[in-house]
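Chemist: final.cif (mmCIF, C-alpha atoms) pasted underneath:
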data_input
#
loop_
_atom_site.label_atom_id
_atom_site.label_comp_id
_atom_site.auth_asym_id
_atom_site.auth_seq_id
_atom_site.Cartn_x
_atom_site.Cartn_y
_atom_site.Cartn_z
CA SER G 3 16.75 17.98 99.55
CA ALA G 4 16.27 19.36 103.02
CA GLY G 5 13.64 21.99 103.79
CA MET G 6 10.03 22.06 102.65
CA GLN G 7 8.79 18.62 101.62
CA ALA G 8 6.34 19.82 98.99
CA ASP G 9 8.97 21.88 97.16
CA ALA G 10 11.49 19.04 97.43
CA ILE G 11 9.09 16.52 95.89
CA THR G 12 8.10 18.88 93.08
CA LEU G 13 11.68 19.91 92.38
CA GLN G 14 12.84 16.30 92.14
CA LYS G 15 9.87 15.38 89.95
CA ASN G 16 10.60 18.24 87.55
CA LEU G 17 14.31 17.38 87.38
CA ARG G 18 13.53 13.77 86.66
CA ALA G 19 11.33 14.83 83.75
CA ARG G 20 14.08 17.07 82.41
CA LEU G 21 16.54 14.15 82.53
CA VAL G 22 14.23 12.14 80.29
CA TRP G 23 13.98 15.09 77.83
CA TYR G 24 17.78 15.37 77.74
CA GLU G 25 18.23 11.68 76.96
CA HIS G 26 15.81 11.90 74.06
CA GLN G 27 17.31 15.10 72.68
CA HIS G 28 21.00 14.32 73.15
CA GLY G 29 21.11 10.54 72.95
CA LYS G 30 23.04 10.11 76.18
CA THR G 31 22.52 10.22 79.96
CA MET G 32 23.07 13.58 81.58
CA SER G 33 26.42 13.80 83.33
CA THR G 34 26.52 14.79 86.97
CA PRO G 35 28.22 18.17 86.36
CA ALA G 36 25.57 18.93 83.75
CA ILE G 37 22.80 18.06 86.19
CA ALA G 38 24.56 20.23 88.76
CA GLN G 39 24.38 23.23 86.46
CA MET G 40 20.78 22.49 85.53
CA LEU G 41 19.72 22.31 89.17
CA GLY G 42 21.45 25.62 89.85
CA ASN G 43 19.64 27.22 86.93
CA THR G 44 16.30 25.73 87.94
CA LEU G 45 16.64 27.15 91.43
CA TYR G 46 17.69 30.62 90.28
CA TYR G 47 14.82 30.70 87.81
CA LYS G 48 12.61 31.04 90.89
CA ARG G 49 14.86 33.61 92.52
CA PHE G 50 11.91 35.69 93.76
CA PHE G 51 9.66 32.81 94.82
CA PRO G 52 12.19 30.14 95.70
CA TYR G 53 11.97 26.42 96.10
CA TYR G 54 12.40 26.18 99.87
CA THR G 55 14.93 23.38 99.52
CA PHE G 56 18.55 23.00 100.58
CA ASN G 57 19.98 20.49 98.16
CA ILE G 58 22.97 18.27 97.83
CA LEU G 59 23.68 16.59 94.51
CA ALA G 60 25.93 13.55 94.43
CA GLY G 61 27.08 11.24 91.68
CA LEU G 62 29.98 10.13 89.49
CA ASP G 63 31.57 12.54 87.02
CA ASN G 64 32.70 11.64 83.49
CA GLU G 65 36.00 10.24 84.78
CA GLY G 66 34.23 7.96 87.25
CA ARG G 67 35.27 9.96 90.28
CA GLY G 68 32.74 10.85 92.92
CA CYS G 69 31.41 14.39 92.98
CA VAL G 70 29.29 16.28 95.47
CA TYR G 71 27.62 19.64 94.88
CA SER G 72 26.07 21.69 97.68
CA TYR G 73 23.34 24.28 97.05
CA ASP G 74 21.49 27.08 98.77
CA ALA G 75 17.78 27.70 98.15
CA ILE G 76 18.29 29.97 95.14
CA GLY G 77 20.90 28.04 93.22
CA SER G 78 24.33 29.05 94.44
CA HIS G 79 26.40 25.86 94.14
CA GLU G 80 29.90 24.56 94.57
CA ARG G 81 31.63 21.23 94.00
CA LEU G 82 32.97 19.84 97.27
CA ALA G 83 34.49 16.73 98.78
CA TYR G 84 31.55 16.43 101.19
CA GLY G 85 28.43 18.42 102.03
CA THR G 86 25.75 18.65 104.69
CA SER G 87 22.30 20.18 104.79
CA GLY G 88 19.24 20.44 107.03
CA SER G 89 18.59 21.07 110.70
CA GLY G 90 21.25 18.59 111.78
CA SER G 91 23.93 19.99 109.48
CA VAL G 92 25.28 22.26 112.21
CA LEU G 93 26.07 19.15 114.20
CA VAL G 94 27.53 17.10 111.34
CA GLN G 95 29.55 19.68 109.36
CA PRO G 96 32.22 20.33 112.04
CA THR G 97 32.70 16.60 112.57
CA LEU G 98 33.24 15.99 108.86
CA ASP G 99 35.61 18.97 108.65
CA SER G 100 37.60 17.35 111.38
CA GLN G 101 37.51 13.70 110.32
CA ILE G 102 37.52 13.86 106.51
CA ALA G 103 39.32 17.09 105.69
CA ARG G 104 41.44 16.88 108.83
CA LYS G 105 41.00 20.59 109.41
CA ASN G 106 41.58 22.43 112.66
CA GLN G 107 43.50 19.56 114.15
CA VAL G 108 46.80 19.83 115.96
CA LYS G 109 47.91 16.46 114.58
CA GLY G 110 45.89 16.70 111.37
CA LYS G 111 48.61 15.36 109.09
CA GLU G 112 48.78 12.14 111.06
CA MET G 113 45.05 11.43 110.71
CA PRO G 114 44.16 8.68 108.23
CA GLY G 115 41.17 10.43 106.60
CA VAL G 116 38.73 8.47 104.45
CA ASN G 117 40.23 6.12 101.89
CA THR G 118 37.68 3.38 101.14
CA VAL G 119 33.97 3.16 100.44
CA ASP G 120 33.31 1.23 103.61
CA GLU G 121 35.11 3.85 105.70
CA ALA G 122 32.94 6.54 104.17
CA VAL G 123 29.75 4.58 104.82
CA ASP G 124 30.80 4.00 108.42
CA ILE G 125 31.48 7.70 108.92
CA ILE G 126 28.06 8.59 107.53
CA LYS G 127 26.36 6.11 109.83
CA ASP G 128 28.27 7.39 112.84
CA VAL G 129 27.66 11.10 112.25
CA LEU G 130 23.98 10.69 111.40
CA ALA G 131 23.40 8.53 114.45
CA SER G 132 25.09 11.20 116.56
CA ALA G 133 23.06 13.95 114.92
CA GLY G 134 19.92 11.94 115.61
CA GLU G 135 20.77 11.93 119.30
CA ARG G 136 21.06 15.71 119.50
CA ASP G 137 18.56 17.07 116.96
CA ILE G 138 14.88 16.39 117.45
CA TYR G 139 14.18 16.56 113.70
CA THR G 140 16.89 14.08 112.71
CA GLY G 141 16.47 10.39 113.17
CA ASP G 142 14.25 7.30 112.95
CA THR G 143 15.85 5.85 109.79
CA VAL G 144 18.92 6.64 107.67
CA GLU G 145 18.91 5.71 103.96
CA ILE G 146 22.33 5.55 102.37
CA TYR G 147 22.94 5.42 98.61
CA ILE G 148 26.38 4.21 97.57
CA MET G 149 27.50 4.98 94.02
CA THR G 150 30.80 3.68 92.71
CA ARG G 151 32.08 2.94 89.22
CA ASP G 152 31.21 -0.71 89.93
CA GLY G 153 27.59 0.03 90.53
CA PHE G 154 24.96 1.34 92.85
CA ARG G 155 23.63 -0.03 96.14
CA THR G 156 21.62 1.11 99.13
CA ASP G 157 22.07 0.67 102.84
CA VAL G 158 19.69 1.35 105.69
CA LEU G 159 20.49 2.27 109.27
CA ARG G 160 17.59 2.05 111.74
CA LEU G 161 17.77 4.40 114.68
CA ARG G 162 15.54 4.71 117.75
CA ASP G 163 12.00 5.80 117.00
CA ASP G 164 11.98 8.86 119.20
CA MET H 25 -11.39 40.66 127.86
CA GLU H 26 -10.96 42.38 124.49
CA MET H 27 -13.19 45.23 125.70
CA LEU H 28 -11.09 45.74 128.77
CA ALA H 29 -7.90 45.62 126.73
CA ALA H 30 -9.32 48.19 124.31
CA LYS H 31 -9.94 50.50 127.24
CA GLY H 32 -6.27 50.25 128.06
CA LEU H 33 -6.64 48.03 131.10
CA ASP H 34 -4.12 45.22 131.40
CA VAL H 35 -6.04 42.14 132.44
CA GLY H 36 -2.85 40.10 132.76
CA MET H 37 -4.27 36.86 131.38
CA GLU H 38 -1.24 35.86 129.36
CA ILE H 39 -0.18 32.24 129.21
CA PRO H 40 3.40 31.93 130.45
CA SER H 41 5.78 30.89 127.72
CA LEU H 42 9.40 29.85 127.50
CA LYS H 43 11.87 32.69 127.21
CA PRO H 44 14.25 32.48 124.23
CA GLY H 45 17.05 30.11 125.12
CA GLU H 46 15.21 28.69 128.10
CA VAL H 47 15.54 24.95 128.54
CA ASN H 48 12.37 22.97 127.97
CA LEU H 49 11.46 19.55 129.34
CA GLY H 50 9.46 18.76 126.17
CA THR H 51 8.42 15.51 127.71
CA SER H 52 6.16 12.59 128.08
CA ILE H 53 5.41 11.71 131.69
CA MET H 54 2.86 9.45 133.33
CA ALA H 55 1.90 7.86 136.60
CA VAL H 56 -0.46 4.93 137.22
CA GLN H 57 -1.94 3.81 140.52
CA PHE H 58 -2.30 0.12 141.34
CA ASN H 59 -3.23 -1.93 144.37
CA GLY H 60 -0.18 -1.49 146.58
CA GLY H 61 1.56 1.48 144.98
CA VAL H 62 2.19 3.49 141.85
CA VAL H 63 4.24 3.12 138.68
CA ILE H 64 5.74 6.34 137.35
CA GLY H 65 7.56 6.91 134.07
CA ALA H 66 9.17 9.65 132.01
CA ASP H 67 11.26 10.11 128.86
CA SER H 68 14.76 11.60 129.07
CA ARG H 69 14.90 14.46 126.57
CA THR H 70 15.54 18.15 127.41
CA THR H 71 15.52 20.59 124.51
CA THR H 72 16.51 24.18 123.78
CA GLY H 73 14.60 24.76 120.57
CA SER H 74 15.48 21.85 118.30
CA TYR H 75 18.78 21.01 120.03
CA ILE H 76 18.69 18.22 122.58
CA ALA H 77 20.52 19.72 125.53
CA ASN H 78 20.34 16.55 127.58
CA ARG H 79 19.36 13.13 126.19
CA VAL H 80 19.60 11.28 129.50
CA THR H 81 17.64 13.63 131.77
CA ASP H 82 16.07 12.33 134.97
CA LYS H 83 12.61 13.88 135.17
CA LEU H 84 11.51 11.74 138.11
CA THR H 85 12.51 13.70 141.19
CA PRO H 86 12.18 12.43 144.77
CA LEU H 87 10.34 14.64 147.24
CA ALA H 88 10.43 12.17 150.11
CA ASN H 89 11.19 8.48 150.67
CA ARG H 90 8.13 7.24 148.85
CA ILE H 91 6.95 10.40 147.06
CA TYR H 92 8.14 11.34 143.58
CA VAL H 93 7.24 14.14 141.21
CA CYS H 94 7.27 13.83 137.40
CA ARG H 95 8.34 17.15 135.89
CA SER H 96 7.28 18.71 132.58
CA GLY H 97 7.49 22.26 131.23
CA SER H 98 10.34 24.62 132.00
CA ALA H 99 13.34 22.77 133.41
CA ALA H 100 14.30 25.67 135.67
CA ASP H 101 10.77 26.24 136.97
CA THR H 102 10.12 22.59 137.77
CA GLN H 103 13.48 22.14 139.46
CA ALA H 104 12.86 25.23 141.59
CA VAL H 105 9.34 24.15 142.53
CA ALA H 106 10.46 20.61 143.35
CA ASP H 107 13.23 21.94 145.57
CA TYR H 108 10.80 24.17 147.47
CA VAL H 109 8.29 21.34 147.88
CA ARG H 110 11.01 19.05 149.17
CA LEU H 111 12.07 21.70 151.69
CA TYR H 112 8.57 22.40 153.03
CA LEU H 113 7.72 18.71 153.05
CA ASN H 114 10.86 17.94 155.02
CA LEU H 115 10.08 20.57 157.65
CA HIS H 116 6.48 19.38 157.83
CA SER H 117 7.44 15.74 158.32
CA LEU H 118 9.86 16.70 161.10
CA GLU H 119 7.02 18.42 162.94
CA LEU H 120 4.64 15.58 162.11
CA GLY H 121 7.08 12.92 163.27
CA LYS H 122 5.97 10.61 160.47
CA GLU H 123 6.38 10.08 156.74
CA PRO H 124 4.41 12.81 154.90
CA LEU H 125 1.27 12.01 152.92
CA ILE H 126 1.22 12.20 149.13
CA GLY H 127 -1.74 14.56 149.29
CA THR H 128 0.29 16.93 151.43
CA ALA H 129 3.15 17.00 148.95
CA ALA H 130 0.71 17.55 146.12
CA ARG H 131 -1.06 20.36 147.95
CA ILE H 132 2.24 22.15 148.65
CA GLY H 133 3.17 21.87 144.98
CA GLN H 134 -0.24 23.12 143.96
CA GLN H 135 -0.01 26.19 146.22
CA ILE H 136 3.34 27.17 144.73
CA CYS H 137 2.14 26.65 141.15
CA TYR H 138 -1.15 28.48 141.69
CA GLN H 139 0.24 31.48 143.55
CA ASN H 140 2.94 31.95 140.90
CA LYS H 141 0.90 30.91 137.89
CA ALA H 142 1.79 34.00 135.87
CA ALA H 143 5.51 33.37 136.11
CA LEU H 144 5.75 29.59 136.06
CA MET H 145 5.43 27.02 133.32
CA ALA H 146 5.33 23.76 135.24
CA GLY H 147 3.18 20.68 134.72
CA LEU H 148 3.66 18.24 137.58
CA ILE H 149 2.46 14.77 138.47
CA VAL H 150 2.99 13.93 142.15
CA ALA H 151 2.77 10.22 142.90
CA GLY H 152 3.79 7.81 145.63
CA TYR H 153 2.74 5.49 148.44
CA ASP H 154 1.69 6.32 151.98
CA ASP H 155 0.21 4.14 154.70
CA VAL H 156 -3.09 6.01 154.98
CA HIS H 157 -4.34 5.94 151.39
CA GLY H 158 -1.94 3.58 149.62
CA GLY H 159 -0.82 4.41 146.11
CA GLN H 160 -1.95 7.82 144.84
CA VAL H 161 -1.51 9.98 141.74
CA TYR H 162 -2.14 13.74 141.81
CA VAL H 163 -1.87 15.95 138.74
CA ILE H 164 -1.01 19.67 138.82
CA PRO H 165 -1.40 21.16 135.34
CA LEU H 166 -0.28 24.62 134.20
CA GLY H 167 -2.73 26.88 136.04
CA GLY H 168 -2.24 25.27 139.43
CA MET H 169 -5.26 22.98 139.66
CA LEU H 170 -4.97 19.91 141.86
CA GLU H 171 -6.77 16.66 141.13
CA ARG H 172 -6.32 13.06 142.17
CA GLN H 173 -6.66 10.58 139.31
CA PRO H 174 -6.31 6.80 138.91
CA PHE H 175 -3.68 7.50 136.29
CA SER H 176 -2.32 10.67 134.72
CA ILE H 177 -0.35 11.59 131.62
CA GLY H 178 1.47 14.89 131.06
CA GLY H 179 3.90 16.81 128.91
CA SER H 180 3.87 17.64 125.22
CA GLY H 181 4.03 13.97 124.23
CA SER H 182 0.94 13.07 126.24
CA THR H 183 -1.35 14.61 123.63
CA TYR H 184 -0.53 11.73 121.28
CA ILE H 185 -1.49 8.98 123.70
CA TYR H 186 -4.76 10.12 125.26
CA GLY H 187 -6.70 7.77 123.05
CA TYR H 188 -4.35 4.85 123.64
CA CYS H 189 -4.34 5.35 127.42
CA ASP H 190 -8.09 5.77 127.70
CA ALA H 191 -8.60 2.59 125.69
CA ASN H 192 -6.02 0.48 127.53
CA PHE H 193 -6.29 1.57 131.16
CA LYS H 194 -8.15 -0.81 133.46
CA GLU H 195 -8.89 -0.34 137.14
CA ASN H 196 -6.99 -2.62 139.56
CA MET H 197 -4.24 -3.71 137.18
CA SER H 198 -1.35 -5.68 138.58
CA GLN H 199 2.05 -4.10 139.07
CA ASP H 200 3.45 -5.81 136.00
CA ASP H 201 0.48 -4.74 133.90
CA CYS H 202 1.02 -1.15 135.03
CA VAL H 203 4.71 -1.31 134.11
CA ASP H 204 3.75 -2.65 130.69
CA PHE H 205 1.08 0.02 130.26
CA VAL H 206 3.51 2.83 131.12
CA SER H 207 6.29 1.47 128.90
CA LYS H 208 4.09 1.01 125.87
CA SER H 209 2.33 4.38 126.27
CA LEU H 210 5.57 6.33 126.67
CA SER H 211 7.16 4.54 123.71
CA LEU H 212 4.28 5.62 121.50
CA ALA H 213 4.48 9.20 122.77
CA MET H 214 8.24 9.36 122.26
CA ALA H 215 7.92 8.05 118.72
CA ARG H 216 5.51 10.80 117.71
CA ASP H 217 6.62 13.78 119.81
CA GLY H 218 9.82 15.52 118.72
CA SER H 219 10.32 16.97 122.18
CA SER H 220 10.25 13.53 123.84
CA GLY H 221 12.78 10.76 123.42
CA GLY H 222 15.92 9.09 124.67
CA VAL H 223 15.29 6.39 127.27
CA ILE H 224 12.25 5.63 129.43
CA ARG H 225 12.95 6.05 133.12
CA LEU H 226 10.53 3.99 135.19
CA ALA H 227 10.00 3.64 138.94
CA ILE H 228 7.69 1.51 141.06
CA ILE H 229 6.79 2.92 144.49
CA THR H 230 5.30 0.54 147.05
CA LYS H 231 5.24 0.24 150.83
CA ASP H 232 8.69 -1.29 150.57
CA GLY H 233 10.13 1.79 148.92
CA VAL H 234 11.13 2.68 145.38
#
Re-express the file's structure as structure tokens.

Modeler:
Amino acid sequence: SAGMQADAITLQKNLRARLVWYEHQHGKTMSTPAIAQMLGNTLYYKRFFPYYTFNILAGLDNEGRGCVYSYDAIGSHERLAYGTSGSGSVLVQPTLDSQIARKNQVKGKEMPGVNTVDEAVDIIKDVLASAGERDIYTGDTVEIYIMTRDGFRTDVLRLRDD
Amino acid sequence: MEMLAAKGLDVGMEIPSLKPGEVNLGTSIMAVQFNGGVVIGADSRTTTGSYIANRVTDKLTPLANRIYVCRSGSAADTQAVADYVRLYLNLHSLELGKEPLIGTAARIGQQICYQNKAALMAGLIVAGYDDVHGGQVYVIPLGGMLERQPFSIGGSGSTYIYGYCDANFKENMSQDDCVDFVSKSLSLAMARDGSSGGVIRLAIITKDGV
């Protein structure tokens, strides 16, 4: 969640509580698409006094494939292959369009794109380090969460403290 | 002032601010005098809003062989002022027949900043070595004041290190101690100030040059 810290913390806290309710009521963990819809609803519920947050939801869907949902502050959402948010997003989005989706390239079809987990992690590290160099609000440390059907792990990239 | 304004008189006491889109040397700069010269340092970040227009800026500008100015504030204003100071200093030293004094350079800078205070946003630290007074540091803040100090810090990042610098500065430090002092102080400022960052550019000016 990019944007206002207080709203981000509260929003995440409330969602976490709702996940626990769901598990008790339905006897199973909430699927990522279901959480995606719930987040959209939660945000639109406060349409006229919004959570000042720009969210990205990521996880594995019921088939075990990765899914990413990108949101605006009042709940409009869309499933995408990749998403960016925050003050540095203007720097990162065009790079990902170019390198992952191979858009706007003369020789786009010849580009390899992203095929493995490690390639994706490397791309994330590269673009966030670059964004950190050009945006004053982006930087210091990057926390990466990697979710695959084999499990979940974290990675940390330390940048310059400036 | 409010009374005068209410009467419709424009007192003209507005603080100059950056125009939209103007490039800002957010900055942390400092200069420290030691026995035999000065150590000057600056960060390398120039911003337009939150975008870092240049992450490897050189904010330490030479005015003469052994006189440098550390620039903070508007990039355009400080570049223009530094260029004018270098010009007048050059002409003066030709007439003088000798290397110019640091105080002279500082005074020229101060005159420009003071006479144009309404239009300029420039915080300067002039520092260097001359044979008459040795190492000297002169600070010229926003309004065009001129003061000599044993050490000086400037720029938006300096606000975060006043306490650290006051606690750690000692008179008559060695050159290496000064270098250490400048490096550590600027690192702390760059860590906390969003408008400062990149690399630390450092220079030591002694009788042997830069």

Chemist: Check every residue of chain G for an atom within 8 Å of chain H, counting all atoms listed in the file, and provide those that qualify as JSON, numbers by chain.

Modeler: {"G": [135, 136, 137, 138, 139, 163, 164]}

Chemist: Step by step, work through what the PyMOL selection byres ((chain G and resi 90) around 7) selects in the shown file, and finish by giving those residues as number ranges by chain.

Modeler: G: 88-89, 91-94, 133, 137, 140

Chemist: Care to translate the PyMOL selection byres ((chain G and resi 7) around 12) into actual residues of this file, as a list of chain:residue names?

Modeler: G:Ser3, G:Ala4, G:Gly5, G:Met6, G:Ala8, G:Asp9, G:Ala10, G:Ile11, G:Thr12, G:Leu13, G:Gln14, G:Tyr53, G:Tyr54, G:Thr55, G:Phe56, G:Asn57, G:Gly88

Chemist: Could you tell me which residues the PyMOL selection byres ((chain G and resi 109-120) around 12) grabs in this file, written as a ChimeraX atom specification?

Modeler: /G:68,83-84,98-108,121-127,146-152,154-155,157

Chemist: Restricting the output to C-alpha atoms, write the selected residues as a CSV table (one decimal), keeping the file's coordinate frame.

Modeler:
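Output below, filename result-v4.csv:
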chain,number,residue,atom,x,y,z
G,68,GLY,CA,32.7,10.8,92.9
G,83,ALA,CA,34.5,16.7,98.8
G,84,TYR,CA,31.6,16.4,101.2
G,98,LEU,CA,33.2,16.0,108.9
G,99,ASP,CA,35.6,19.0,108.6
G,100,SER,CA,37.6,17.4,111.4
G,101,GLN,CA,37.5,13.7,110.3
G,102,ILE,CA,37.5,13.9,106.5
G,103,ALA,CA,39.3,17.1,105.7
G,104,ARG,CA,41.4,16.9,108.8
G,105,LYS,CA,41.0,20.6,109.4
G,106,ASN,CA,41.6,22.4,112.7
G,107,GLN,CA,43.5,19.6,114.2
G,108,VAL,CA,46.8,19.8,116.0
G,121,GLU,CA,35.1,3.8,105.7
G,122,ALA,CA,32.9,6.5,104.2
G,123,VAL,CA,29.8,4.6,104.8
G,124,ASP,CA,30.8,4.0,108.4
G,125,ILE,CA,31.5,7.7,108.9
G,126,ILE,CA,28.1,8.6,107.5
G,127,LYS,CA,26.4,6.1,109.8
G,146,ILE,CA,22.3,5.6,102.4
G,147,TYR,CA,22.9,5.4,98.6
G,148,ILE,CA,26.4,4.2,97.6
G,149,MET,CA,27.5,5.0,94.0
G,150,THR,CA,30.8,3.7,92.7
G,151,ARG,CA,32.1,2.9,89.2
G,152,ASP,CA,31.2,-0.7,89.9
G,154,PHE,CA,25.0,1.3,92.8
G,155,ARG,CA,23.6,0.0,96.1
G,157,ASP,CA,22.1,0.7,102.8

Chemist: Report, in Å to a single decimal, how far apart atom CA of Gln57 of chain H and atom CA of Leu210 of chain H are.

Modeler: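 So the answer is 16.0 Å.
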
Chemist: Just the number, please: distance in Å from atom CA of Ala130 of chain H to atom CA of Leu113 of chain H, one decimal.

Modeler: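 Rounded to one decimal, the two atoms are 9.9 Å apart.
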
Chemist: What gap, in Å, lies between atom CA of Ser207 of chain H and atom CA of Gly65 of chain H?

Modeler: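 Answer for the atom CA of Ser207 of chain H to atom CA of Gly65 of chain H separation: 7.6 Å.
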
Chemist: Given only C-alpha atoms as the basis, pick out the residue of G:Thr156, G:Ser87, G:Lys48, G:Ile37 nearest to Cys69 of chain G.

Modeler: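 Ranking G:Thr156, G:Ser87, G:Lys48, G:Ile37 by distance to Cys69 of chain G, first place goes to G:Ile37.
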
Chemist: Taking all atoms listed in the file into account, which of G:Pro35, G:Gly85, G:Leu41, G:Ser132 comes nearest Arg20 of chain G?

Modeler: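 The shortest atom-to-atom distance to Arg20 of chain G comes from G:Leu41.
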
Chemist: Need the shell around Ala191 of chain H: protein/DNA/RNA residues with any atom at most 12 Å away, counting all atoms listed in the file. Skip same-chain ones fewer than 4 positions apart. Format as an MDAnalysis selection string?

Modeler: chainID H and resid 185:187 195 205 209

Chemist: Pick from H:Val234, H:Leu144, H:Val163, H:Val80: nearest to Val56 of chain H, with all atoms listed in the file counted?

Modeler: H:Val163

Chemist: Residues near Ser41 of chain H, anyone? I mean within 12 Å using all atoms listed in the file, not counting same-chain ones fewer than 4 positions away, as a ChimeraX atom specification.

Modeler: /H:45-48,97-98,101,141-146,166

Chemist: Take the selection from the previous step and output its residues with C-alpha atoms, as an mmCIF file, keeping the file's coordinate frame.

Modeler:
data_model
loop_
_atom_site.group_PDB
_atom_site.id
_atom_site.type_symbol
_atom_site.label_atom_id
_atom_site.label_comp_id
_atom_site.auth_asym_id
_atom_site.auth_seq_id
_atom_site.Cartn_x
_atom_site.Cartn_y
_atom_site.Cartn_z
ATOM 1 C CA GLY H 45 17.050 30.110 125.120
ATOM 2 C CA GLU H 46 15.210 28.690 128.100
ATOM 3 C CA VAL H 47 15.540 24.950 128.540
ATOM 4 C CA ASN H 48 12.370 22.970 127.970
ATOM 5 C CA GLY H 97 7.490 22.260 131.230
ATOM 6 C CA SER H 98 10.340 24.620 132.000
ATOM 7 C CA ASP H 101 10.770 26.240 136.970
ATOM 8 C CA LYS H 141 0.900 30.910 137.890
ATOM 9 C CA ALA H 142 1.790 34.000 135.870
ATOM 10 C CA ALA H 143 5.510 33.370 136.110
ATOM 11 C CA LEU H 144 5.750 29.590 136.060
ATOM 12 C CA MET H 145 5.430 27.020 133.320
ATOM 13 C CA ALA H 146 5.330 23.760 135.240
ATOM 14 C CA LEU H 166 -0.280 24.620 134.200
#

Chemist: For Arg90 of chain H, which residue out of H:Gly179, H:Gly152, H:Pro40, H:Gly61 is the nearest one, using only C-alpha atoms?

Modeler: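 Looking only at the distances to Arg90 of chain H, the closest residue turns out to be H:Gly152.
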
Chemist: Fewer than 4 positions away in the same chain doesn't count, so skip those; otherwise give me all residues within 8 Å of segment 121-126 of chain H, counting all atoms listed in the file, as a PyMOL selection string.

Modeler: chain H and resi 88-89+91+113+116-117+130+150-154+156+160

Chemist: Compare H:Val206, H:Ile136, H:Ile177, H:Leu111 by their minimum atom-to-atom distance to Ser52 of chain H, counting only C-alpha atoms, and give me the closest one.

Modeler: H:Ile177

Chemist: Could you put an axis-aligned box around every listed atom of segment 37-52 of chain G, padded by 3 Å on each side, and send me its centre and edge lengths in Å to one decimal, as JSON?

Modeler:
{"center_x": 17.1, "center_y": 26.9, "center_z": 90.6, "size_x": 20.9, "size_y": 23.6, "size_z": 16.2}

Chemist: Would you kindly place N, CA, C and O atoms on segment 13-24 of chain G and return the model as a PDB file, in the frame of the given file?

Modeler:
ATOM      1  N   LEU G  13      10.394  19.641  93.029  1.00  0.00           N
ATOM      2  CA  LEU G  13      11.680  19.910  92.380  1.00  0.00           C
ATOM      3  C   LEU G  13      12.257  18.633  91.795  1.00  0.00           C
ATOM      4  O   LEU G  13      12.689  18.585  90.642  1.00  0.00           O
ATOM      5  N   GLN G  14      12.256  17.565  92.604  1.00  0.00           N
ATOM      6  CA  GLN G  14      12.840  16.300  92.140  1.00  0.00           C
ATOM      7  C   GLN G  14      12.036  15.727  90.975  1.00  0.00           C
ATOM      8  O   GLN G  14      12.596  15.166  90.022  1.00  0.00           O
ATOM      9  N   LYS G  15      10.719  15.877  91.050  1.00  0.00           N
ATOM     10  CA  LYS G  15       9.870  15.380  89.950  1.00  0.00           C
ATOM     11  C   LYS G  15      10.192  16.110  88.662  1.00  0.00           C
ATOM     12  O   LYS G  15      10.363  15.495  87.600  1.00  0.00           O
ATOM     13  N   ASN G  16      10.311  17.458  88.752  1.00  0.00           N
ATOM     14  CA  ASN G  16      10.600  18.240  87.550  1.00  0.00           C
ATOM     15  C   ASN G  16      11.970  17.894  86.976  1.00  0.00           C
ATOM     16  O   ASN G  16      12.140  17.780  85.751  1.00  0.00           O
ATOM     17  N   LEU G  17      12.964  17.724  87.869  1.00  0.00           N
ATOM     18  CA  LEU G  17      14.310  17.380  87.380  1.00  0.00           C
ATOM     19  C   LEU G  17      14.311  16.037  86.685  1.00  0.00           C
ATOM     20  O   LEU G  17      14.948  15.869  85.634  1.00  0.00           O
ATOM     21  N   ARG G  18      13.583  15.100  87.269  1.00  0.00           N
ATOM     22  CA  ARG G  18      13.530  13.770  86.660  1.00  0.00           C
ATOM     23  C   ARG G  18      12.950  13.851  85.250  1.00  0.00           C
ATOM     24  O   ARG G  18      13.441  13.205  84.325  1.00  0.00           O
ATOM     25  N   ALA G  19      11.934  14.662  85.086  1.00  0.00           N
ATOM     26  CA  ALA G  19      11.330  14.830  83.750  1.00  0.00           C
ATOM     27  C   ALA G  19      12.337  15.437  82.795  1.00  0.00           C
ATOM     28  O   ALA G  19      12.467  15.008  81.634  1.00  0.00           O
ATOM     29  N   ARG G  20      13.086  16.426  83.266  1.00  0.00           N
ATOM     30  CA  ARG G  20      14.080  17.070  82.410  1.00  0.00           C
ATOM     31  C   ARG G  20      15.183  16.107  81.994  1.00  0.00           C
ATOM     32  O   ARG G  20      15.733  16.190  80.881  1.00  0.00           O
ATOM     33  N   LEU G  21      15.529  15.161  82.883  1.00  0.00           N
ATOM     34  CA  LEU G  21      16.540  14.150  82.530  1.00  0.00           C
ATOM     35  C   LEU G  21      16.067  13.294  81.357  1.00  0.00           C
ATOM     36  O   LEU G  21      16.843  12.959  80.446  1.00  0.00           O
ATOM     37  N   VAL G  22      14.785  12.947  81.388  1.00  0.00           N
ATOM     38  CA  VAL G  22      14.230  12.140  80.290  1.00  0.00           C
ATOM     39  C   VAL G  22      14.274  12.924  78.986  1.00  0.00           C
ATOM     40  O   VAL G  22      14.686  12.402  77.944  1.00  0.00           O
ATOM     41  N   TRP G  23      13.887  14.222  79.012  1.00  0.00           N
ATOM     42  CA  TRP G  23      13.980  15.090  77.830  1.00  0.00           C
ATOM     43  C   TRP G  23      15.395  15.092  77.269  1.00  0.00           C
ATOM     44  O   TRP G  23      15.616  14.942  76.065  1.00  0.00           O
ATOM     45  N   TYR G  24      16.372  15.278  78.168  1.00  0.00           N
ATOM     46  CA  TYR G  24      17.780  15.370  77.740  1.00  0.00           C
ATOM     47  C   TYR G  24      18.207  14.113  76.988  1.00  0.00           C
ATOM     48  O   TYR G  24      18.850  14.178  75.938  1.00  0.00           O
TER      49      TYR G  24
END
